[in-house]
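Novice: Just data.cif, nothing more (mmCIF, C-alpha atoms and all ligand atoms):
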```cif
data_start
loop_
_atom_site.group_PDB
_atom_site.id
_atom_site.type_symbol
_atom_site.label_atom_id
_atom_site.label_comp_id
_atom_site.auth_asym_id
_atom_site.auth_seq_id
_atom_site.Cartn_x
_atom_site.Cartn_y
_atom_site.Cartn_z
ATOM 1 C CA MET Y 30 -180.444 -49.503 130.711
ATOM 2 C CA LYS Y 31 -180.409 -46.091 129.048
ATOM 3 C CA THR Y 32 -178.617 -43.325 130.897
ATOM 4 C CA ASN Y 33 -180.159 -39.897 131.190
ATOM 5 C CA TYR Y 34 -177.731 -37.090 130.441
ATOM 6 C CA LYS Y 35 -180.325 -34.348 130.683
ATOM 7 C CA PRO Y 36 -179.527 -31.423 132.997
ATOM 8 C CA TYR Y 37 -181.996 -30.806 135.788
ATOM 9 C CA PHE Y 38 -182.689 -28.304 138.544
ATOM 10 C CA ILE Y 39 -182.338 -28.977 142.260
ATOM 11 C CA ASN Y 40 -183.717 -26.980 145.152
ATOM 12 C CA ILE Y 41 -181.561 -24.673 147.217
ATOM 13 C CA ASP Y 42 -182.329 -23.700 150.796
ATOM 14 C CA THR Y 43 -183.180 -20.026 151.134
ATOM 15 C CA ILE Y 44 -183.483 -17.853 154.204
ATOM 16 C CA SER Y 45 -185.031 -14.520 153.413
ATOM 17 C CA ASP Y 46 -185.596 -11.697 155.878
ATOM 18 C CA LYS Y 47 -185.445 -7.917 155.950
ATOM 19 C CA ARG Y 48 -181.654 -8.096 155.876
ATOM 20 C CA GLY Y 49 -181.645 -9.825 152.511
ATOM 21 C CA ILE Y 50 -181.489 -13.334 151.090
ATOM 22 C CA LEU Y 51 -179.201 -16.145 152.215
ATOM 23 C CA LYS Y 52 -178.987 -19.330 150.140
ATOM 24 C CA TYR Y 53 -177.007 -22.449 150.966
ATOM 25 C CA LEU Y 54 -176.252 -25.860 149.543
ATOM 26 C CA GLU Y 55 -174.914 -28.612 151.789
ATOM 27 C CA GLU Y 56 -173.221 -31.759 150.627
ATOM 28 C CA LYS Y 57 -175.559 -33.858 152.750
ATOM 29 C CA LYS Y 58 -178.358 -32.746 150.392
ATOM 30 C CA THR Y 59 -176.474 -33.400 147.177
ATOM 31 C CA ASN Y 60 -174.335 -36.401 148.076
ATOM 32 C CA LYS Y 61 -176.682 -38.771 146.300
ATOM 33 C CA ILE Y 62 -175.918 -36.806 143.127
ATOM 34 C CA PHE Y 63 -172.273 -35.947 143.725
ATOM 35 C CA LYS Y 64 -169.672 -34.855 146.261
ATOM 36 C CA PHE Y 65 -168.097 -31.399 146.083
ATOM 37 C CA LYS Y 66 -164.453 -31.246 145.082
ATOM 38 C CA ARG Y 67 -163.849 -27.968 143.231
ATOM 39 C CA ILE Y 68 -165.500 -24.636 142.591
ATOM 40 C CA TYR Y 69 -164.791 -22.275 139.721
ATOM 41 C CA PHE Y 70 -166.264 -19.037 138.399
ATOM 42 C CA ILE Y 71 -166.887 -17.635 134.938
ATOM 43 C CA SER Y 72 -167.396 -13.914 134.272
ATOM 44 C CA ASN Y 73 -166.689 -11.160 131.732
ATOM 45 C CA VAL Y 74 -167.777 -13.307 128.786
ATOM 46 C CA PRO Y 75 -168.271 -11.165 125.653
ATOM 47 C CA LYS Y 76 -171.829 -11.234 124.260
ATOM 48 C CA SER Y 77 -170.818 -12.943 121.005
ATOM 49 C CA VAL Y 78 -168.828 -15.736 122.695
ATOM 50 C CA GLY Y 79 -169.990 -19.293 123.433
ATOM 51 C CA ARG Y 80 -168.313 -21.477 126.041
ATOM 52 C CA GLY Y 81 -168.423 -25.162 126.847
ATOM 53 C CA TYR Y 82 -168.998 -27.350 123.752
ATOM 54 C CA HIS Y 83 -167.893 -30.429 125.627
ATOM 55 C CA ALA Y 84 -169.040 -33.266 127.893
ATOM 56 C CA HIS Y 85 -167.327 -34.794 130.910
ATOM 57 C CA LYS Y 86 -166.710 -38.517 131.127
ATOM 58 C CA LYS Y 87 -167.129 -38.682 134.912
ATOM 59 C CA THR Y 88 -167.449 -35.195 136.383
ATOM 60 C CA VAL Y 89 -170.859 -34.050 137.586
ATOM 61 C CA GLN Y 90 -171.336 -30.306 138.001
ATOM 62 C CA CYS Y 91 -173.756 -27.956 139.686
ATOM 63 C CA LEU Y 92 -174.153 -24.606 137.994
ATOM 64 C CA LEU Y 93 -175.154 -21.505 139.950
ATOM 65 C CA THR Y 94 -176.022 -18.270 138.179
ATOM 66 C CA LEU Y 95 -174.784 -15.681 140.665
ATOM 67 C CA ASN Y 96 -175.572 -12.590 138.609
ATOM 68 C CA GLY Y 97 -177.013 -11.657 135.204
ATOM 69 C CA ASN Y 98 -178.220 -14.269 132.745
ATOM 70 C CA PHE Y 99 -177.184 -16.551 129.886
ATOM 71 C CA ASP Y 100 -178.496 -19.444 127.794
ATOM 72 C CA PHE Y 101 -177.543 -22.987 128.773
ATOM 73 C CA CYS Y 102 -177.834 -25.308 125.757
ATOM 74 C CA PHE Y 103 -177.773 -29.079 125.284
ATOM 75 C CA PHE Y 104 -179.119 -31.633 122.851
ATOM 76 C CA GLY Y 105 -182.343 -33.406 123.667
ATOM 77 C CA LYS Y 106 -183.982 -36.286 121.893
ATOM 78 C CA LYS Y 107 -183.519 -36.422 118.125
ATOM 79 C CA LYS Y 108 -180.643 -33.912 118.352
ATOM 80 C CA ARG Y 109 -183.041 -31.087 119.117
ATOM 81 C CA LYS Y 110 -181.290 -28.078 120.617
ATOM 82 C CA ASN Y 111 -182.651 -27.296 124.077
ATOM 83 C CA LYS Y 112 -182.056 -23.892 125.551
ATOM 84 C CA ILE Y 113 -182.633 -22.893 129.166
ATOM 85 C CA LYS Y 114 -182.433 -19.221 130.051
ATOM 86 C CA LEU Y 115 -180.647 -19.097 133.413
ATOM 87 C CA THR Y 116 -180.820 -16.026 135.615
ATOM 88 C CA ASP Y 117 -179.794 -15.192 139.175
ATOM 89 C CA LYS Y 118 -183.321 -16.302 140.157
ATOM 90 C CA SER Y 119 -182.800 -19.804 138.726
ATOM 91 C CA ARG Y 120 -182.299 -22.837 140.919
ATOM 92 C CA PRO Y 121 -178.952 -24.699 140.763
ATOM 93 C CA LEU Y 122 -178.654 -26.766 137.583
ATOM 94 C CA ILE Y 123 -177.088 -30.220 137.701
ATOM 95 C CA ILE Y 124 -175.049 -31.092 134.614
ATOM 96 C CA PRO Y 125 -174.748 -34.894 134.622
ATOM 97 C CA LYS Y 126 -171.679 -36.635 133.281
ATOM 98 C CA MET Y 127 -171.715 -37.161 129.506
ATOM 99 C CA CYS Y 128 -174.034 -34.202 128.958
ATOM 100 C CA TRP Y 129 -172.817 -32.340 125.863
ATOM 101 C CA HIS Y 130 -173.480 -28.691 126.654
ATOM 102 C CA TRP Y 131 -172.594 -25.164 125.750
ATOM 103 C CA MET Y 132 -173.390 -21.678 127.038
ATOM 104 C CA GLU Y 133 -174.130 -18.558 125.016
ATOM 105 C CA ASN Y 134 -175.730 -15.130 125.028
ATOM 106 C CA PHE Y 135 -174.109 -13.977 128.280
ATOM 107 C CA SER Y 136 -175.234 -10.652 129.726
ATOM 108 C CA ASN Y 137 -172.366 -8.256 130.480
ATOM 109 C CA ASP Y 138 -172.870 -8.676 134.213
ATOM 110 C CA CYS Y 139 -173.171 -12.477 134.154
ATOM 111 C CA ILE Y 140 -171.257 -14.396 136.825
ATOM 112 C CA ILE Y 141 -171.500 -18.184 137.086
ATOM 113 C CA GLY Y 142 -170.246 -20.396 139.882
ATOM 114 C CA VAL Y 143 -169.726 -24.086 139.152
ATOM 115 C CA ILE Y 144 -169.299 -26.764 141.802
ATOM 116 C CA ALA Y 145 -167.632 -29.866 140.387
ATOM 117 C CA SER Y 146 -167.322 -33.429 141.637
ATOM 118 C CA SER Y 147 -163.655 -33.763 140.670
ATOM 119 C CA ASN Y 148 -160.443 -31.805 140.368
ATOM 120 C CA TYR Y 149 -159.634 -30.354 136.973
ATOM 121 C CA ASN Y 150 -158.447 -33.071 134.618
ATOM 122 C CA GLU Y 151 -158.289 -32.473 130.877
ATOM 123 C CA LYS Y 152 -158.570 -36.245 130.324
ATOM 124 C CA ASP Y 153 -162.106 -36.105 131.689
ATOM 125 C CA TYR Y 154 -163.192 -33.805 128.833
ATOM 126 C CA ILE Y 155 -164.716 -34.912 125.533
ATOM 127 C CA ARG Y 156 -164.258 -31.870 123.328
ATOM 128 C CA ASP Y 157 -164.903 -33.453 119.955
ATOM 129 C CA PHE Y 158 -168.587 -33.928 119.110
ATOM 130 C CA ASP Y 159 -168.000 -36.894 116.768
ATOM 131 C CA SER Y 160 -166.070 -38.712 119.529
ATOM 132 C CA TYR Y 161 -168.919 -37.921 121.903
ATOM 133 C CA LYS Y 162 -171.479 -39.420 119.509
ATOM 134 C CA GLU Y 163 -169.321 -42.527 119.120
ATOM 135 C CA LEU Y 164 -169.080 -42.997 122.897
ATOM 136 C CA ILE Y 165 -172.824 -42.574 123.318
ATOM 137 C CA LYS Y 166 -173.469 -45.110 120.565
ATOM 138 C CA LYS Y 167 -170.991 -47.547 122.090
ATOM 139 C CA ASN Y 168 -172.809 -47.344 125.414
ATOM 140 C CA ASN Y 169 -176.087 -47.872 123.577
ATOM 141 C CA ASP Y 170 -177.335 -44.604 125.035
ATOM 142 C CA ALA Y 171 -179.137 -43.666 121.886
ATOM 143 C CA GLN Y 172 -181.837 -41.610 123.529
ATOM 144 C CA ILE Y 173 -179.883 -38.383 123.325
ATOM 145 C CA ILE Y 174 -178.564 -38.342 119.769
HETATM 146 P P1 LIG Y 201 -163.059 -24.977 129.890
HETATM 147 O O1 LIG Y 201 -163.620 -25.954 130.862
HETATM 148 O O2 LIG Y 201 -162.789 -25.465 128.507
HETATM 149 O O3 LIG Y 201 -163.999 -23.687 129.793
HETATM 150 P P2 LIG Y 201 -165.480 -23.548 129.184
HETATM 151 O O4 LIG Y 201 -166.167 -24.860 129.298
HETATM 152 O O5 LIG Y 201 -166.143 -22.500 130.014
HETATM 153 O O6 LIG Y 201 -165.387 -23.133 127.765
HETATM 154 O O7 LIG Y 201 -161.741 -24.358 130.524
HETATM 155 C C1 LIG Y 201 -161.023 -23.290 129.911
HETATM 156 C C2 LIG Y 201 -159.545 -23.439 130.267
HETATM 157 O O8 LIG Y 201 -159.360 -23.348 131.672
HETATM 158 C C3 LIG Y 201 -158.967 -24.776 129.838
HETATM 159 O O9 LIG Y 201 -157.662 -24.548 129.347
HETATM 160 C C4 LIG Y 201 -158.889 -25.577 131.106
HETATM 161 C C5 LIG Y 201 -158.730 -24.528 132.178
HETATM 162 N N1 LIG Y 201 -159.359 -24.901 133.469
HETATM 163 C C6 LIG Y 201 -158.566 -25.188 134.562
HETATM 164 O O10 LIG Y 201 -157.330 -25.157 134.495
HETATM 165 N N2 LIG Y 201 -159.172 -25.524 135.749
HETATM 166 C C7 LIG Y 201 -160.518 -25.574 135.880
HETATM 167 O O11 LIG Y 201 -161.046 -25.888 136.987
HETATM 168 C C8 LIG Y 201 -161.338 -25.286 134.724
HETATM 169 C C9 LIG Y 201 -162.830 -25.353 134.792
HETATM 170 C C10 LIG Y 201 -160.710 -24.949 133.546
#
```
Written as structure tokens, that's how I'd like the structure from this file.
Ligand code: TYD
Specialist:
Amino acid sequence: MKTNYKPYFINIDTISDKRGILKYLEEKKTNKIFKFKRIYFISNVPKSVGRGYHAHKKTVQCLLTLNGNFDFCFFGKKKRKNKIKLTDKSRPLIIPKMCWHWMENFSNDCIIGVIASSNYNEKDYIRDFDSYKELIKKNNDAQII
């Protein structure tokens, strides 16, 4: 069976009234996708800088754009570059395991929150694209690249 490494949006509960907007995400809603273990934040990324350029062997992540905007990029079928413009209006984006991704074109005010399914472990990272392609091939998951 082919695995799908494509990122996808999930819904977030929103309560909006004259006092403002309240959004929340509970594990009971996401536990079929992953369980929360860690949260980290990215901010102050210079405009010309790209981040990411890796995949995770096991970790699933949920990306929340808290402020500003940036481009989330990944490879689709036939190595086509896919770009999603994420803003603070965007829904949470699930980054499945083994999804090679990178982020670029950050606005000055961009702040991202990432909820991850595991503690930080460098061994979970695949940072070399050729190794990534090899692993995908080995698993016969040829639909991505
Ligand atoms: P990295 O995940 O490579 O950042 P990005 O994908 O945004 O380019 O992480 C950058 C550095 O921070 C790297 O040395 C690992 C470290 N780090 C932690 O120590 N803990 C964490 O939870 C994260 C996400 C990164």
Novice: Step by step, measure atom-to-atom distances between ligand LIG 201 (chain Y) and each residue using only C-alpha atoms and all ligand atoms, keep those at most 12 Å, then write them as a VMD selection string.
Specialist: chain Y and resid 66 to 74 78 to 85 88 90 92 101 129 to 133 135 140 to 157
Novice: Atom CA of Y:Cys139 to atom CA of Y:Leu115: how many Å, to one decimal?
Specialist: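 Between these atoms lies a distance of 10.0 Å.
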Novice: Return the single residue from Y:Lys58, Y:Lys110, Y:Lys86, Y:Lys118 that is closest to Y:Asn98, with distances computed using only C-alpha atoms.
Specialist: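 Answer, going by the shortest atom-to-atom distance: Y:Lys118.
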Novice: Could you check which of Y:Cys102, Y:Ile44, Y:Val89, Y:Leu54 is closest to Y:Ile123, using only C-alpha atoms?
Specialist: Y:Val89
Novice: Distance atom CA of Y:Phe38-atom CA of Y:Leu164, one decimal place?
Specialist: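 Between these atoms lies a distance of 25.4 Å.
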Novice: The centre and edge lengths of an axis-aligned box containing all atoms of stretch 33-45 of chain Y present in the file, extended by 6 Å on each side, are to be given in Å to one decimal, as JSON.
Specialist:
```
{"center_x": -181.4, "center_y": -27.2, "center_z": 142.3, "size_x": 19.3, "size_y": 37.4, "size_z": 35.8}
```
Novice: When you draw a straight line from atom CA of Y:Leu93 to atom CA of Y:Thr116, how long is it in Å?
Specialist: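 Atom-to-atom, atom CA of Y:Leu93 and atom CA of Y:Thr116 are spaced 9.0 Å apart.
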Novice: Using the chain letters and residue numbers of this document, give as a count of residues only the residues selected by the PyMOL selection byres (((chain Y and resi 37) around 10) and not hetatm).
Specialist: 12
Novice: Identify which of the residues Y:Asn60, Y:Ser77, Y:Asp117, Y:Cys128 lies closest to Y:Phe104, counting all atoms listed in the file when measuring atom-to-atom distances.
Specialist: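 Ranking Y:Asn60, Y:Ser77, Y:Asp117, Y:Cys128 by distance to Y:Phe104, first place goes to Y:Cys128.
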Novice: Using the incomplete input, complete stretch 57-79 of chain Y to the level of N, CA and C atoms; output as a PDB file, keeping the file's coordinate frame.
Specialist:
```pdb
ATOM      1  N   LYS Y  57    -174.654 -32.785 152.290  1.00  0.00           N
ATOM      2  CA  LYS Y  57    -175.559 -33.858 152.750  1.00  0.00           C
ATOM      3  C   LYS Y  57    -176.846 -33.900 151.901  1.00  0.00           C
ATOM      4  N   LYS Y  58    -177.175 -32.768 151.261  1.00  0.00           N
ATOM      5  CA  LYS Y  58    -178.358 -32.746 150.392  1.00  0.00           C
ATOM      6  C   LYS Y  58    -178.056 -33.228 148.978  1.00  0.00           C
ATOM      7  N   THR Y  59    -176.804 -33.074 148.572  1.00  0.00           N
ATOM      8  CA  THR Y  59    -176.474 -33.400 147.177  1.00  0.00           C
ATOM      9  C   THR Y  59    -175.640 -34.673 147.052  1.00  0.00           C
ATOM     10  N   ASN Y  60    -175.302 -35.300 148.186  1.00  0.00           N
ATOM     11  CA  ASN Y  60    -174.335 -36.401 148.076  1.00  0.00           C
ATOM     12  C   ASN Y  60    -174.860 -37.638 147.358  1.00  0.00           C
ATOM     13  N   LYS Y  61    -176.177 -37.668 147.123  1.00  0.00           N
ATOM     14  CA  LYS Y  61    -176.682 -38.771 146.300  1.00  0.00           C
ATOM     15  C   LYS Y  61    -176.381 -38.483 144.825  1.00  0.00           C
ATOM     16  N   ILE Y  62    -176.209 -37.201 144.511  1.00  0.00           N
ATOM     17  CA  ILE Y  62    -175.918 -36.806 143.127  1.00  0.00           C
ATOM     18  C   ILE Y  62    -174.402 -36.746 142.914  1.00  0.00           C
ATOM     19  N   PHE Y  63    -173.727 -36.044 143.804  1.00  0.00           N
ATOM     20  CA  PHE Y  63    -172.273 -35.947 143.725  1.00  0.00           C
ATOM     21  C   PHE Y  63    -171.700 -35.323 144.987  1.00  0.00           C
ATOM     22  N   LYS Y  64    -170.368 -35.487 145.140  1.00  0.00           N
ATOM     23  CA  LYS Y  64    -169.672 -34.855 146.261  1.00  0.00           C
ATOM     24  C   LYS Y  64    -168.857 -33.689 145.750  1.00  0.00           C
ATOM     25  N   PHE Y  65    -168.828 -32.602 146.506  1.00  0.00           N
ATOM     26  CA  PHE Y  65    -168.097 -31.399 146.083  1.00  0.00           C
ATOM     27  C   PHE Y  65    -166.586 -31.637 146.105  1.00  0.00           C
ATOM     28  N   LYS Y  66    -165.915 -31.142 145.092  1.00  0.00           N
ATOM     29  CA  LYS Y  66    -164.453 -31.246 145.082  1.00  0.00           C
ATOM     30  C   LYS Y  66    -163.802 -29.924 144.684  1.00  0.00           C
ATOM     31  N   ARG Y  67    -164.479 -29.169 143.825  1.00  0.00           N
ATOM     32  CA  ARG Y  67    -163.849 -27.968 143.231  1.00  0.00           C
ATOM     33  C   ARG Y  67    -164.937 -26.951 142.935  1.00  0.00           C
ATOM     34  N   ILE Y  68    -164.568 -25.686 143.026  1.00  0.00           N
ATOM     35  CA  ILE Y  68    -165.500 -24.636 142.591  1.00  0.00           C
ATOM     36  C   ILE Y  68    -164.745 -23.686 141.674  1.00  0.00           C
ATOM     37  N   TYR Y  69    -165.406 -23.281 140.596  1.00  0.00           N
ATOM     38  CA  TYR Y  69    -164.791 -22.275 139.721  1.00  0.00           C
ATOM     39  C   TYR Y  69    -165.850 -21.285 139.245  1.00  0.00           C
ATOM     40  N   PHE Y  70    -165.376 -20.145 138.755  1.00  0.00           N
ATOM     41  CA  PHE Y  70    -166.264 -19.037 138.399  1.00  0.00           C
ATOM     42  C   PHE Y  70    -165.982 -18.579 136.976  1.00  0.00           C
ATOM     43  N   ILE Y  71    -167.026 -18.173 136.303  1.00  0.00           N
ATOM     44  CA  ILE Y  71    -166.887 -17.635 134.938  1.00  0.00           C
ATOM     45  C   ILE Y  71    -167.542 -16.256 134.910  1.00  0.00           C
ATOM     46  N   SER Y  72    -166.850 -15.275 134.367  1.00  0.00           N
ATOM     47  CA  SER Y  72    -167.396 -13.914 134.272  1.00  0.00           C
ATOM     48  C   SER Y  72    -166.765 -13.205 133.090  1.00  0.00           C
ATOM     49  N   ASN Y  73    -167.238 -12.008 132.803  1.00  0.00           N
ATOM     50  CA  ASN Y  73    -166.689 -11.160 131.732  1.00  0.00           C
ATOM     51  C   ASN Y  73    -166.682 -11.845 130.359  1.00  0.00           C
ATOM     52  N   VAL Y  74    -167.715 -12.619 130.086  1.00  0.00           N
ATOM     53  CA  VAL Y  74    -167.777 -13.307 128.786  1.00  0.00           C
ATOM     54  C   VAL Y  74    -168.386 -12.345 127.766  1.00  0.00           C
ATOM     55  N   PRO Y  75    -167.693 -12.065 126.668  1.00  0.00           N
ATOM     56  CA  PRO Y  75    -168.271 -11.165 125.653  1.00  0.00           C
ATOM     57  C   PRO Y  75    -169.570 -11.739 125.089  1.00  0.00           C
ATOM     58  N   LYS Y  76    -170.479 -10.862 124.718  1.00  0.00           N
ATOM     59  CA  LYS Y  76    -171.829 -11.234 124.260  1.00  0.00           C
ATOM     60  C   LYS Y  76    -171.797 -12.264 123.119  1.00  0.00           C
ATOM     61  N   SER Y  77    -170.826 -12.104 122.211  1.00  0.00           N
ATOM     62  CA  SER Y  77    -170.818 -12.943 121.005  1.00  0.00           C
ATOM     63  C   SER Y  77    -170.122 -14.294 121.231  1.00  0.00           C
ATOM     64  N   VAL Y  78    -169.641 -14.537 122.440  1.00  0.00           N
ATOM     65  CA  VAL Y  78    -168.828 -15.736 122.695  1.00  0.00           C
ATOM     66  C   VAL Y  78    -169.645 -16.871 123.310  1.00  0.00           C
ATOM     67  N   GLY Y  79    -169.403 -18.100 122.824  1.00  0.00           N
ATOM     68  CA  GLY Y  79    -169.990 -19.293 123.433  1.00  0.00           C
ATOM     69  C   GLY Y  79    -168.912 -20.047 124.184  1.00  0.00           C
TER      70      GLY Y  79
END
```
